[in-house]
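Reproduced below: run-v8.csv, with CSV, N, CA and C atoms.
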chain,number,residue,atom,x,y,z
A,1,MET,N,-24.4,92.5,119.5
A,1,MET,CA,-23.5,93.6,119.6
A,1,MET,C,-22.2,93.3,118.9
A,2,ARG,N,-21.7,92.1,119.2
A,2,ARG,CA,-20.5,91.7,118.6
A,2,ARG,C,-20.5,91.8,117.1
A,3,ALA,N,-21.6,91.2,116.5
A,3,ALA,CA,-21.8,91.2,115.0
A,3,ALA,C,-21.9,92.6,114.5
A,4,ALA,N,-22.4,93.5,115.3
A,4,ALA,CA,-22.6,94.9,114.9
A,4,ALA,C,-21.3,95.7,115.0
A,5,GLY,N,-20.2,95.1,115.5
A,5,GLY,CA,-18.9,95.8,115.5
A,5,GLY,C,-18.3,96.1,116.9
A,6,ALA,N,-19.0,95.7,118.0
A,6,ALA,CA,-18.5,95.9,119.3
A,6,ALA,C,-17.2,95.1,119.5
A,7,GLU,N,-16.1,95.7,120.0
A,7,GLU,CA,-14.9,95.1,120.2
A,7,GLU,C,-14.9,94.1,121.4
A,8,GLU,N,-15.6,94.5,122.4
A,8,GLU,CA,-15.8,93.7,123.6
A,8,GLU,C,-17.3,93.6,123.9
A,9,VAL,N,-17.6,92.4,124.4
A,9,VAL,CA,-19.0,92.1,124.8
A,9,VAL,C,-18.9,91.4,126.1
A,10,MET,N,-19.7,91.8,127.1
A,10,MET,CA,-19.7,91.1,128.4
A,10,MET,C,-21.1,90.5,128.6
A,11,LEU,N,-21.2,89.3,129.0
A,11,LEU,CA,-22.4,88.6,129.4
A,11,LEU,C,-22.3,88.4,130.9
A,12,THR,N,-23.4,88.7,131.6
A,12,THR,CA,-23.3,88.5,133.1
A,12,THR,C,-24.6,87.8,133.6
A,13,SER,N,-24.5,87.2,134.7
A,13,SER,CA,-25.6,86.6,135.4
A,13,SER,C,-25.2,86.7,136.9
A,14,PRO,N,-26.1,86.4,137.8
A,14,PRO,CA,-25.8,86.4,139.2
A,14,PRO,C,-24.7,85.4,139.6
A,15,PHE,N,-24.4,84.5,138.7
A,15,PHE,CA,-23.4,83.4,139.0
A,15,PHE,C,-22.1,83.5,138.3
A,16,ARG,N,-22.0,84.2,137.2
A,16,ARG,CA,-20.8,84.3,136.4
A,16,ARG,C,-20.8,85.4,135.4
A,17,TYR,N,-19.7,85.7,134.8
A,17,TYR,CA,-19.6,86.7,133.7
A,17,TYR,C,-18.5,86.2,132.8
A,18,VAL,N,-18.7,86.6,131.5
A,18,VAL,CA,-17.7,86.3,130.5
A,18,VAL,C,-17.5,87.5,129.7
A,19,LEU,N,-16.2,87.8,129.4
A,19,LEU,CA,-15.9,89.0,128.5
A,19,LEU,C,-15.3,88.4,127.3
A,20,THR,N,-15.8,88.8,126.1
A,20,THR,CA,-15.4,88.4,124.8
A,20,THR,C,-14.7,89.6,124.1
A,21,HIS,N,-13.5,89.4,123.6
A,21,HIS,CA,-12.8,90.4,122.9
A,21,HIS,C,-12.6,90.0,121.5
A,22,GLU,N,-13.1,90.7,120.5
A,22,GLU,CA,-13.0,90.4,119.1
A,22,GLU,C,-11.6,90.9,118.6
A,23,LEU,N,-10.9,90.0,118.0
A,23,LEU,CA,-9.5,90.4,117.5
A,23,LEU,C,-9.6,91.1,116.1
A,24,ARG,N,-10.6,90.7,115.3
A,24,ARG,CA,-10.8,91.3,114.0
A,24,ARG,C,-9.5,91.6,113.2
A,25,GLY,N,-8.8,90.5,113.0
A,25,GLY,CA,-7.6,90.6,112.2
A,25,GLY,C,-6.3,90.9,113.0
A,26,THR,N,-6.4,91.4,114.2
A,26,THR,CA,-5.2,91.6,115.0
A,26,THR,C,-4.6,90.3,115.5
A,27,PRO,N,-3.3,90.3,115.7
A,27,PRO,CA,-2.7,89.0,116.2
A,27,PRO,C,-3.3,88.5,117.5
A,28,GLU,N,-3.3,87.2,117.6
A,28,GLU,CA,-3.7,86.6,118.9
A,28,GLU,C,-2.8,87.0,120.0
A,29,PRO,N,-3.4,87.4,121.1
A,29,PRO,CA,-2.5,87.8,122.3
A,29,PRO,C,-1.7,86.6,122.8
A,30,SER,N,-0.5,86.9,123.3
A,30,SER,CA,0.4,85.9,123.9
A,30,SER,C,-0.3,85.3,125.1
A,31,LEU,N,0.2,84.1,125.4
A,31,LEU,CA,-0.3,83.4,126.6
A,31,LEU,C,0.0,84.3,127.9
A,32,ASP,N,1.2,84.8,127.9
A,32,ASP,CA,1.5,85.7,129.1
A,32,ASP,C,0.6,86.9,129.2
A,33,HIS,N,0.2,87.5,128.1
A,33,HIS,CA,-0.8,88.6,128.1
A,33,HIS,C,-2.1,88.1,128.7
A,34,LEU,N,-2.6,87.0,128.2
A,34,LEU,CA,-3.9,86.5,128.6
A,34,LEU,C,-3.9,86.1,130.1
A,35,VAL,N,-2.9,85.4,130.5
A,35,VAL,CA,-2.8,84.9,131.9
A,35,VAL,C,-2.7,86.1,132.8
A,36,ALA,N,-2.0,87.2,132.4
A,36,ALA,CA,-1.9,88.4,133.2
A,36,ALA,C,-3.3,89.0,133.5
A,37,ARG,N,-4.3,88.8,132.7
A,37,ARG,CA,-5.6,89.3,132.9
A,37,ARG,C,-6.4,88.5,133.9
A,38,MET,N,-5.9,87.4,134.2
A,38,MET,CA,-6.7,86.5,135.2
A,38,MET,C,-6.3,86.8,136.6
A,39,GLN,N,-7.1,86.4,137.5
A,39,GLN,CA,-6.9,86.5,138.9
A,39,GLN,C,-5.8,85.5,139.3
A,40,PRO,N,-5.0,85.7,140.3
A,40,PRO,CA,-4.0,84.7,140.7
A,40,PRO,C,-4.7,83.4,141.1
A,41,ALA,N,-4.0,82.3,140.8
A,41,ALA,CA,-4.6,81.0,141.0
A,41,ALA,C,-3.5,80.0,141.5
A,42,ASP,N,-3.8,79.0,142.2
A,42,ASP,CA,-2.9,78.0,142.6
A,42,ASP,C,-2.4,77.1,141.4
A,43,LEU,N,-3.3,77.0,140.4
A,43,LEU,CA,-3.1,76.1,139.3
A,43,LEU,C,-3.8,76.7,138.1
A,44,THR,N,-3.2,76.9,137.0
A,44,THR,CA,-3.8,77.4,135.7
A,44,THR,C,-3.6,76.3,134.7
A,45,LEU,N,-4.6,75.7,134.2
A,45,LEU,CA,-4.5,74.8,133.1
A,45,LEU,C,-4.8,75.5,131.8
A,46,VAL,N,-4.0,75.2,130.8
A,46,VAL,CA,-4.1,75.9,129.5
A,46,VAL,C,-4.3,74.8,128.4
A,47,GLU,N,-5.3,75.0,127.6
A,47,GLU,CA,-5.5,74.1,126.4
A,47,GLU,C,-5.2,74.9,125.2
A,48,GLY,N,-4.4,74.3,124.3
A,48,GLY,CA,-3.9,75.0,123.1
A,48,GLY,C,-2.5,75.6,123.4
A,49,PHE,N,-2.1,76.6,122.7
A,49,PHE,CA,-0.8,77.2,122.8
A,49,PHE,C,0.3,76.1,122.7
A,50,LYS,N,0.2,75.2,121.8
A,50,LYS,CA,1.1,74.1,121.6
A,50,LYS,C,2.5,74.6,121.4
A,51,TRP,N,2.7,75.8,120.8
A,51,TRP,CA,4.0,76.3,120.5
A,51,TRP,C,4.7,77.0,121.7
A,52,GLU,N,4.0,77.2,122.7
A,52,GLU,CA,4.6,77.9,123.9
A,52,GLU,C,5.5,76.9,124.6
A,53,ALA,N,6.6,77.4,125.1
A,53,ALA,CA,7.6,76.7,125.8
A,53,ALA,C,7.3,76.6,127.3
A,54,ILE,N,6.2,75.9,127.6
A,54,ILE,CA,5.7,75.7,129.0
A,54,ILE,C,5.6,74.2,129.3
A,55,PRO,N,5.7,73.8,130.6
A,55,PRO,CA,5.5,72.4,130.9
A,55,PRO,C,4.2,71.9,130.4
A,56,LYS,N,4.1,70.8,129.8
A,56,LYS,CA,2.9,70.3,129.2
A,56,LYS,C,2.6,68.9,129.6
A,57,LEU,N,1.3,68.6,129.7
A,57,LEU,CA,0.7,67.2,129.9
A,57,LEU,C,0.0,66.9,128.6
A,58,GLU,N,0.4,65.9,127.9
A,58,GLU,CA,-0.3,65.5,126.7
A,58,GLU,C,-1.4,64.4,127.0
A,59,ILE,N,-2.6,64.6,126.5
A,59,ILE,CA,-3.6,63.6,126.6
A,59,ILE,C,-3.5,62.8,125.3
A,60,PHE,N,-3.2,61.5,125.3
A,60,PHE,CA,-3.0,60.7,124.1
A,60,PHE,C,-3.8,59.5,124.1
A,61,ARG,N,-4.7,59.4,123.2
A,61,ARG,CA,-5.6,58.2,123.0
A,61,ARG,C,-5.3,57.7,121.6
A,62,PRO,N,-4.5,56.6,121.5
A,62,PRO,CA,-4.2,56.0,120.2
A,62,PRO,C,-5.4,55.7,119.3
A,63,ALA,N,-6.5,55.3,119.9
A,63,ALA,CA,-7.7,54.9,119.2
A,63,ALA,C,-8.2,56.1,118.3
A,64,LEU,N,-7.9,57.3,118.7
A,64,LEU,CA,-8.4,58.5,117.9
A,64,LEU,C,-7.6,58.6,116.6
A,65,GLY,N,-6.5,57.9,116.4
A,65,GLY,CA,-5.8,57.9,115.1
A,65,GLY,C,-4.9,59.1,114.9
A,66,LYS,N,-4.6,59.9,115.9
A,66,LYS,CA,-3.7,61.0,115.8
A,66,LYS,C,-2.3,60.6,116.3
A,67,GLN,N,-1.3,61.2,115.7
A,67,GLN,CA,0.0,61.0,116.2
A,67,GLN,C,0.3,61.7,117.5
A,68,PRO,N,1.1,61.1,118.4
A,68,PRO,CA,1.4,61.7,119.6
A,68,PRO,C,2.4,62.9,119.4
A,69,GLN,N,2.4,63.9,120.3
A,69,GLN,CA,3.3,65.0,120.1
A,69,GLN,C,4.5,64.9,121.0
A,70,TYR,N,4.4,64.0,122.0
A,70,TYR,CA,5.5,63.9,123.0
A,70,TYR,C,6.9,63.6,122.4
A,71,PRO,N,7.0,62.8,121.3
A,71,PRO,CA,8.3,62.5,120.7
A,71,PRO,C,9.0,63.8,120.2
A,72,GLU,N,8.2,64.7,119.8
A,72,GLU,CA,8.8,65.9,119.1
A,72,GLU,C,8.9,67.2,120.1
A,73,ASP,N,8.0,67.2,121.0
A,73,ASP,CA,7.9,68.4,121.9
A,73,ASP,C,8.5,68.1,123.2
A,74,GLU,N,9.7,68.7,123.4
A,74,GLU,CA,10.5,68.5,124.7
A,74,GLU,C,9.8,69.2,125.9
A,75,ASN,N,8.8,70.0,125.6
A,75,ASN,CA,8.1,70.6,126.8
A,75,ASN,C,7.0,69.7,127.4
A,76,ILE,N,6.7,68.6,126.7
A,76,ILE,CA,5.8,67.7,127.2
A,76,ILE,C,6.6,66.8,128.3
A,77,ILE,N,6.1,67.0,129.5
A,77,ILE,CA,6.9,66.3,130.6
A,77,ILE,C,6.1,65.1,131.1
A,78,ALA,N,4.8,65.0,130.7
A,78,ALA,CA,4.0,63.8,131.1
A,78,ALA,C,3.0,63.5,130.0
A,79,VAL,N,2.6,62.3,130.0
A,79,VAL,CA,1.5,61.8,129.0
A,79,VAL,C,0.5,61.1,129.8
A,80,ALA,N,-0.8,61.4,129.7
A,80,ALA,CA,-1.9,60.7,130.2
A,80,ALA,C,-2.5,59.9,129.1
A,81,SER,N,-2.5,58.6,129.1
A,81,SER,CA,-2.9,57.8,128.0
A,81,SER,C,-3.7,56.6,128.5
A,82,ASP,N,-4.5,56.1,127.6
A,82,ASP,CA,-5.2,54.8,127.8
A,82,ASP,C,-4.5,53.6,127.2
A,83,ALA,N,-3.2,53.9,126.8
A,83,ALA,CA,-2.3,52.8,126.3
A,83,ALA,C,-1.1,52.7,127.2
A,84,LEU,N,-0.5,51.6,127.1
A,84,LEU,CA,0.8,51.4,127.8
A,84,LEU,C,1.9,52.3,127.2
A,85,PRO,N,2.9,52.7,128.0
A,85,PRO,CA,4.0,53.5,127.5
A,85,PRO,C,4.8,52.6,126.5
A,86,PRO,N,5.4,53.3,125.5
A,86,PRO,CA,6.3,52.6,124.6
A,86,PRO,C,7.5,52.0,125.4
A,87,THR,N,8.0,50.9,124.9
A,87,THR,CA,9.1,50.3,125.6
A,87,THR,C,10.4,51.1,125.5
A,88,ALA,N,10.5,51.9,124.5
A,88,ALA,CA,11.7,52.8,124.4
A,88,ALA,C,11.3,54.3,124.2
A,89,LEU,N,11.5,55.0,125.2
A,89,LEU,CA,11.3,56.5,125.1
A,89,LEU,C,12.7,57.1,124.9
A,90,ASN,N,12.7,58.2,124.1
A,90,ASN,CA,14.0,58.9,123.9
A,90,ASN,C,14.4,59.8,125.0
A,91,ARG,N,13.6,60.0,126.0
A,91,ARG,CA,13.9,60.8,127.2
A,91,ARG,C,13.0,60.5,128.3
A,92,PRO,N,13.4,60.9,129.5
A,92,PRO,CA,12.5,60.6,130.7
A,92,PRO,C,11.1,61.3,130.5
A,93,LEU,N,10.1,60.6,130.8
A,93,LEU,CA,8.7,61.1,130.6
A,93,LEU,C,7.8,60.4,131.6
A,94,ILE,N,7.0,61.1,132.2
A,94,ILE,CA,6.0,60.5,133.2
A,94,ILE,C,4.9,60.0,132.4
A,95,TRP,N,4.5,58.8,132.6
A,95,TRP,CA,3.4,58.1,131.9
A,95,TRP,C,2.3,57.9,132.9
A,96,LEU,N,1.1,58.5,132.7
A,96,LEU,CA,0.0,58.4,133.6
A,96,LEU,C,-1.2,57.6,132.9
A,97,ASP,N,-1.9,56.9,133.7
A,97,ASP,CA,-3.0,56.1,133.2
A,97,ASP,C,-4.3,57.0,133.1
A,98,LEU,N,-4.7,57.3,131.9
A,98,LEU,CA,-5.8,58.2,131.7
A,98,LEU,C,-7.1,57.6,132.3
A,99,ASN,N,-7.2,56.4,132.5
A,99,ASN,CA,-8.3,55.7,133.2
A,99,ASN,C,-8.3,55.8,134.7
A,100,GLN,N,-7.3,56.4,135.2
A,100,GLN,CA,-7.1,56.6,136.7
A,100,GLN,C,-7.0,58.1,137.0
A,101,PRO,N,-8.2,58.8,136.9
A,101,PRO,CA,-8.2,60.2,137.1
A,101,PRO,C,-7.5,60.7,138.4
A,102,ASP,N,-7.6,59.9,139.4
A,102,ASP,CA,-7.0,60.3,140.7
A,102,ASP,C,-5.5,60.4,140.5
A,103,GLN,N,-4.9,59.5,139.7
A,103,GLN,CA,-3.5,59.5,139.5
A,103,GLN,C,-3.1,60.7,138.7
A,104,VAL,N,-3.9,61.1,137.7
A,104,VAL,CA,-3.6,62.3,136.9
A,104,VAL,C,-3.7,63.5,137.8
A,105,LEU,N,-4.7,63.6,138.6
A,105,LEU,CA,-4.9,64.7,139.5
A,105,LEU,C,-3.8,64.8,140.5
A,106,ALA,N,-3.4,63.7,141.1
A,106,ALA,CA,-2.3,63.7,142.1
A,106,ALA,C,-1.0,64.3,141.4
A,107,TRP,N,-0.8,63.9,140.2
A,107,TRP,CA,0.4,64.4,139.5
A,107,TRP,C,0.3,65.9,139.3
A,108,LEU,N,-0.8,66.3,138.8
A,108,LEU,CA,-1.0,67.8,138.6
A,108,LEU,C,-0.8,68.6,139.9
A,109,LEU,N,-1.3,68.1,141.0
A,109,LEU,CA,-1.2,68.8,142.2
A,109,LEU,C,0.2,68.8,142.8
A,110,THR,N,1.0,67.7,142.4
A,110,THR,CA,2.4,67.6,142.9
A,110,THR,C,3.2,68.5,142.0
A,111,GLU,N,2.9,68.5,140.7
A,111,GLU,CA,3.8,69.2,139.7
A,111,GLU,C,3.6,70.7,139.6
A,112,LYS,N,2.5,71.2,140.1
A,112,LYS,CA,2.2,72.6,140.0
A,112,LYS,C,3.3,73.5,140.5
A,113,LYS,N,3.5,74.6,139.8
A,113,LYS,CA,4.6,75.5,140.1
A,113,LYS,C,4.1,76.9,140.5
Mind converting the file's structure to structure tokens?
Amino acid sequence: MRAAGAEEVMLTSPFRYVLTHELRGTPEPSLDHLVARMQPADLTLVEGFKWEAIPKLEIFRPALGKQPQYPEDENIIAVASDALPPTALNRPLIWLDLNQPDQVLAWLLTEKK
């Protein structure tokens, strides 16, 4: 149906449903617009939207060969990494051990707003 031109397609089962909306060249909706469509929640985790000015947790694995974003993005307030923190950070930053998921979860639950 989507390929035939339907703007929205819903898939359902007794356990869940998903609603897909085709943008077809229109601008991507803002994060605020998308979150407003969701039910209220105690915690909403967002992946992507790197340009949004929201508090962020960066997952940083140096072995992947990608540059970290925390030095440039002031909205990153914590980093979960499998590496030790650098000796000199240019601002206060919470450094979490990615190999200690309970530590990361505790921080998320404490930090939620």
Which polymer residues, whether protein, DNA or RNA, lie within 12 Å of the coordinate (6.7, 52.1, 122.5) when you count only C-alpha atoms? List them as an NGL selection string, using the chain letters and numbers from the file. :A and (62 or 68 or 70-71 or 83-90 or 95)
Determine which residues of chain A receive a DSSP assignment of alpha helix (DSSP H), computed from the backbone, and state them as a list in words.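 Restricting chain A to alpha helix (DSSP H) produces Leu31, Asp32, His33, Leu34, Val35, Ala36, Pro101, Asp102, Gln103, Val104, Leu105, Ala106, Trp107, Leu108, Leu109, Thr110 and Glu111 of chain A.
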Expected file: the selected residues, N, CA and C atoms, as a PDB file, keeping the file's coordinate frame:
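Saved result, out-v9.pdb, follows:
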ATOM      1  N   LEU A  31       0.200  84.100 125.400  1.00  0.00           N
ATOM      2  CA  LEU A  31      -0.300  83.400 126.600  1.00  0.00           C
ATOM      3  C   LEU A  31       0.000  84.300 127.900  1.00  0.00           C
ATOM      4  N   ASP A  32       1.200  84.800 127.900  1.00  0.00           N
ATOM      5  CA  ASP A  32       1.500  85.700 129.100  1.00  0.00           C
ATOM      6  C   ASP A  32       0.600  86.900 129.200  1.00  0.00           C
ATOM      7  N   HIS A  33       0.200  87.500 128.100  1.00  0.00           N
ATOM      8  CA  HIS A  33      -0.800  88.600 128.100  1.00  0.00           C
ATOM      9  C   HIS A  33      -2.100  88.100 128.700  1.00  0.00           C
ATOM     10  N   LEU A  34      -2.600  87.000 128.200  1.00  0.00           N
ATOM     11  CA  LEU A  34      -3.900  86.500 128.600  1.00  0.00           C
ATOM     12  C   LEU A  34      -3.900  86.100 130.100  1.00  0.00           C
ATOM     13  N   VAL A  35      -2.900  85.400 130.500  1.00  0.00           N
ATOM     14  CA  VAL A  35      -2.800  84.900 131.900  1.00  0.00           C
ATOM     15  C   VAL A  35      -2.700  86.100 132.800  1.00  0.00           C
ATOM     16  N   ALA A  36      -2.000  87.200 132.400  1.00  0.00           N
ATOM     17  CA  ALA A  36      -1.900  88.400 133.200  1.00  0.00           C
ATOM     18  C   ALA A  36      -3.300  89.000 133.500  1.00  0.00           C
ATOM     19  N   PRO A 101      -8.200  58.800 136.900  1.00  0.00           N
ATOM     20  CA  PRO A 101      -8.200  60.200 137.100  1.00  0.00           C
ATOM     21  C   PRO A 101      -7.500  60.700 138.400  1.00  0.00           C
ATOM     22  N   ASP A 102      -7.600  59.900 139.400  1.00  0.00           N
ATOM     23  CA  ASP A 102      -7.000  60.300 140.700  1.00  0.00           C
ATOM     24  C   ASP A 102      -5.500  60.400 140.500  1.00  0.00           C
ATOM     25  N   GLN A 103      -4.900  59.500 139.700  1.00  0.00           N
ATOM     26  CA  GLN A 103      -3.500  59.500 139.500  1.00  0.00           C
ATOM     27  C   GLN A 103      -3.100  60.700 138.700  1.00  0.00           C
ATOM     28  N   VAL A 104      -3.900  61.100 137.700  1.00  0.00           N
ATOM     29  CA  VAL A 104      -3.600  62.300 136.900  1.00  0.00           C
ATOM     30  C   VAL A 104      -3.700  63.500 137.800  1.00  0.00           C
ATOM     31  N   LEU A 105      -4.700  63.600 138.600  1.00  0.00           N
ATOM     32  CA  LEU A 105      -4.900  64.700 139.500  1.00  0.00           C
ATOM     33  C   LEU A 105      -3.800  64.800 140.500  1.00  0.00           C
ATOM     34  N   ALA A 106      -3.400  63.700 141.100  1.00  0.00           N
ATOM     35  CA  ALA A 106      -2.300  63.700 142.100  1.00  0.00           C
ATOM     36  C   ALA A 106      -1.000  64.300 141.400  1.00  0.00           C
ATOM     37  N   TRP A 107      -0.800  63.900 140.200  1.00  0.00           N
ATOM     38  CA  TRP A 107       0.400  64.400 139.500  1.00  0.00           C
ATOM     39  C   TRP A 107       0.300  65.900 139.300  1.00  0.00           C
ATOM     40  N   LEU A 108      -0.800  66.300 138.800  1.00  0.00           N
ATOM     41  CA  LEU A 108      -1.000  67.800 138.600  1.00  0.00           C
ATOM     42  C   LEU A 108      -0.800  68.600 139.900  1.00  0.00           C
ATOM     43  N   LEU A 109      -1.300  68.100 141.000  1.00  0.00           N
ATOM     44  CA  LEU A 109      -1.200  68.800 142.200  1.00  0.00           C
ATOM     45  C   LEU A 109       0.200  68.800 142.800  1.00  0.00           C
ATOM     46  N   THR A 110       1.000  67.700 142.400  1.00  0.00           N
ATOM     47  CA  THR A 110       2.400  67.600 142.900  1.00  0.00           C
ATOM     48  C   THR A 110       3.200  68.500 142.000  1.00  0.00           C
ATOM     49  N   GLU A 111       2.900  68.500 140.700  1.00  0.00           N
ATOM     50  CA  GLU A 111       3.800  69.200 139.700  1.00  0.00           C
ATOM     51  C   GLU A 111       3.600  70.700 139.600  1.00  0.00           C
TER      52      GLU A 111
END
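Nearest-residue note for A:Val104: choosing from A:Asp32, A:Ser13, A:Asp73, A:Ala80, the minimum distance belongs to A:Ala80, counting all atoms listed in the file.
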If you count only C-alpha atoms, the residue of A:Leu108, A:Val79, A:Leu57, A:Val35 closest to A:Leu96 turns out to be A:Val79
Atom CA of A:Thr12 to atom CA of A:Leu45, straight-line distance in Å: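 Separating atom CA of A:Leu45 from atom CA of A:Thr12 is a distance of 23.3 Å.
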Taking all atoms listed in the file into account, which of A:Leu98, A:Leu93, A:Glu7, A:His33 comes nearest A:His21?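 The shortest atom-to-atom distance to A:His21 comes from A:Glu7.
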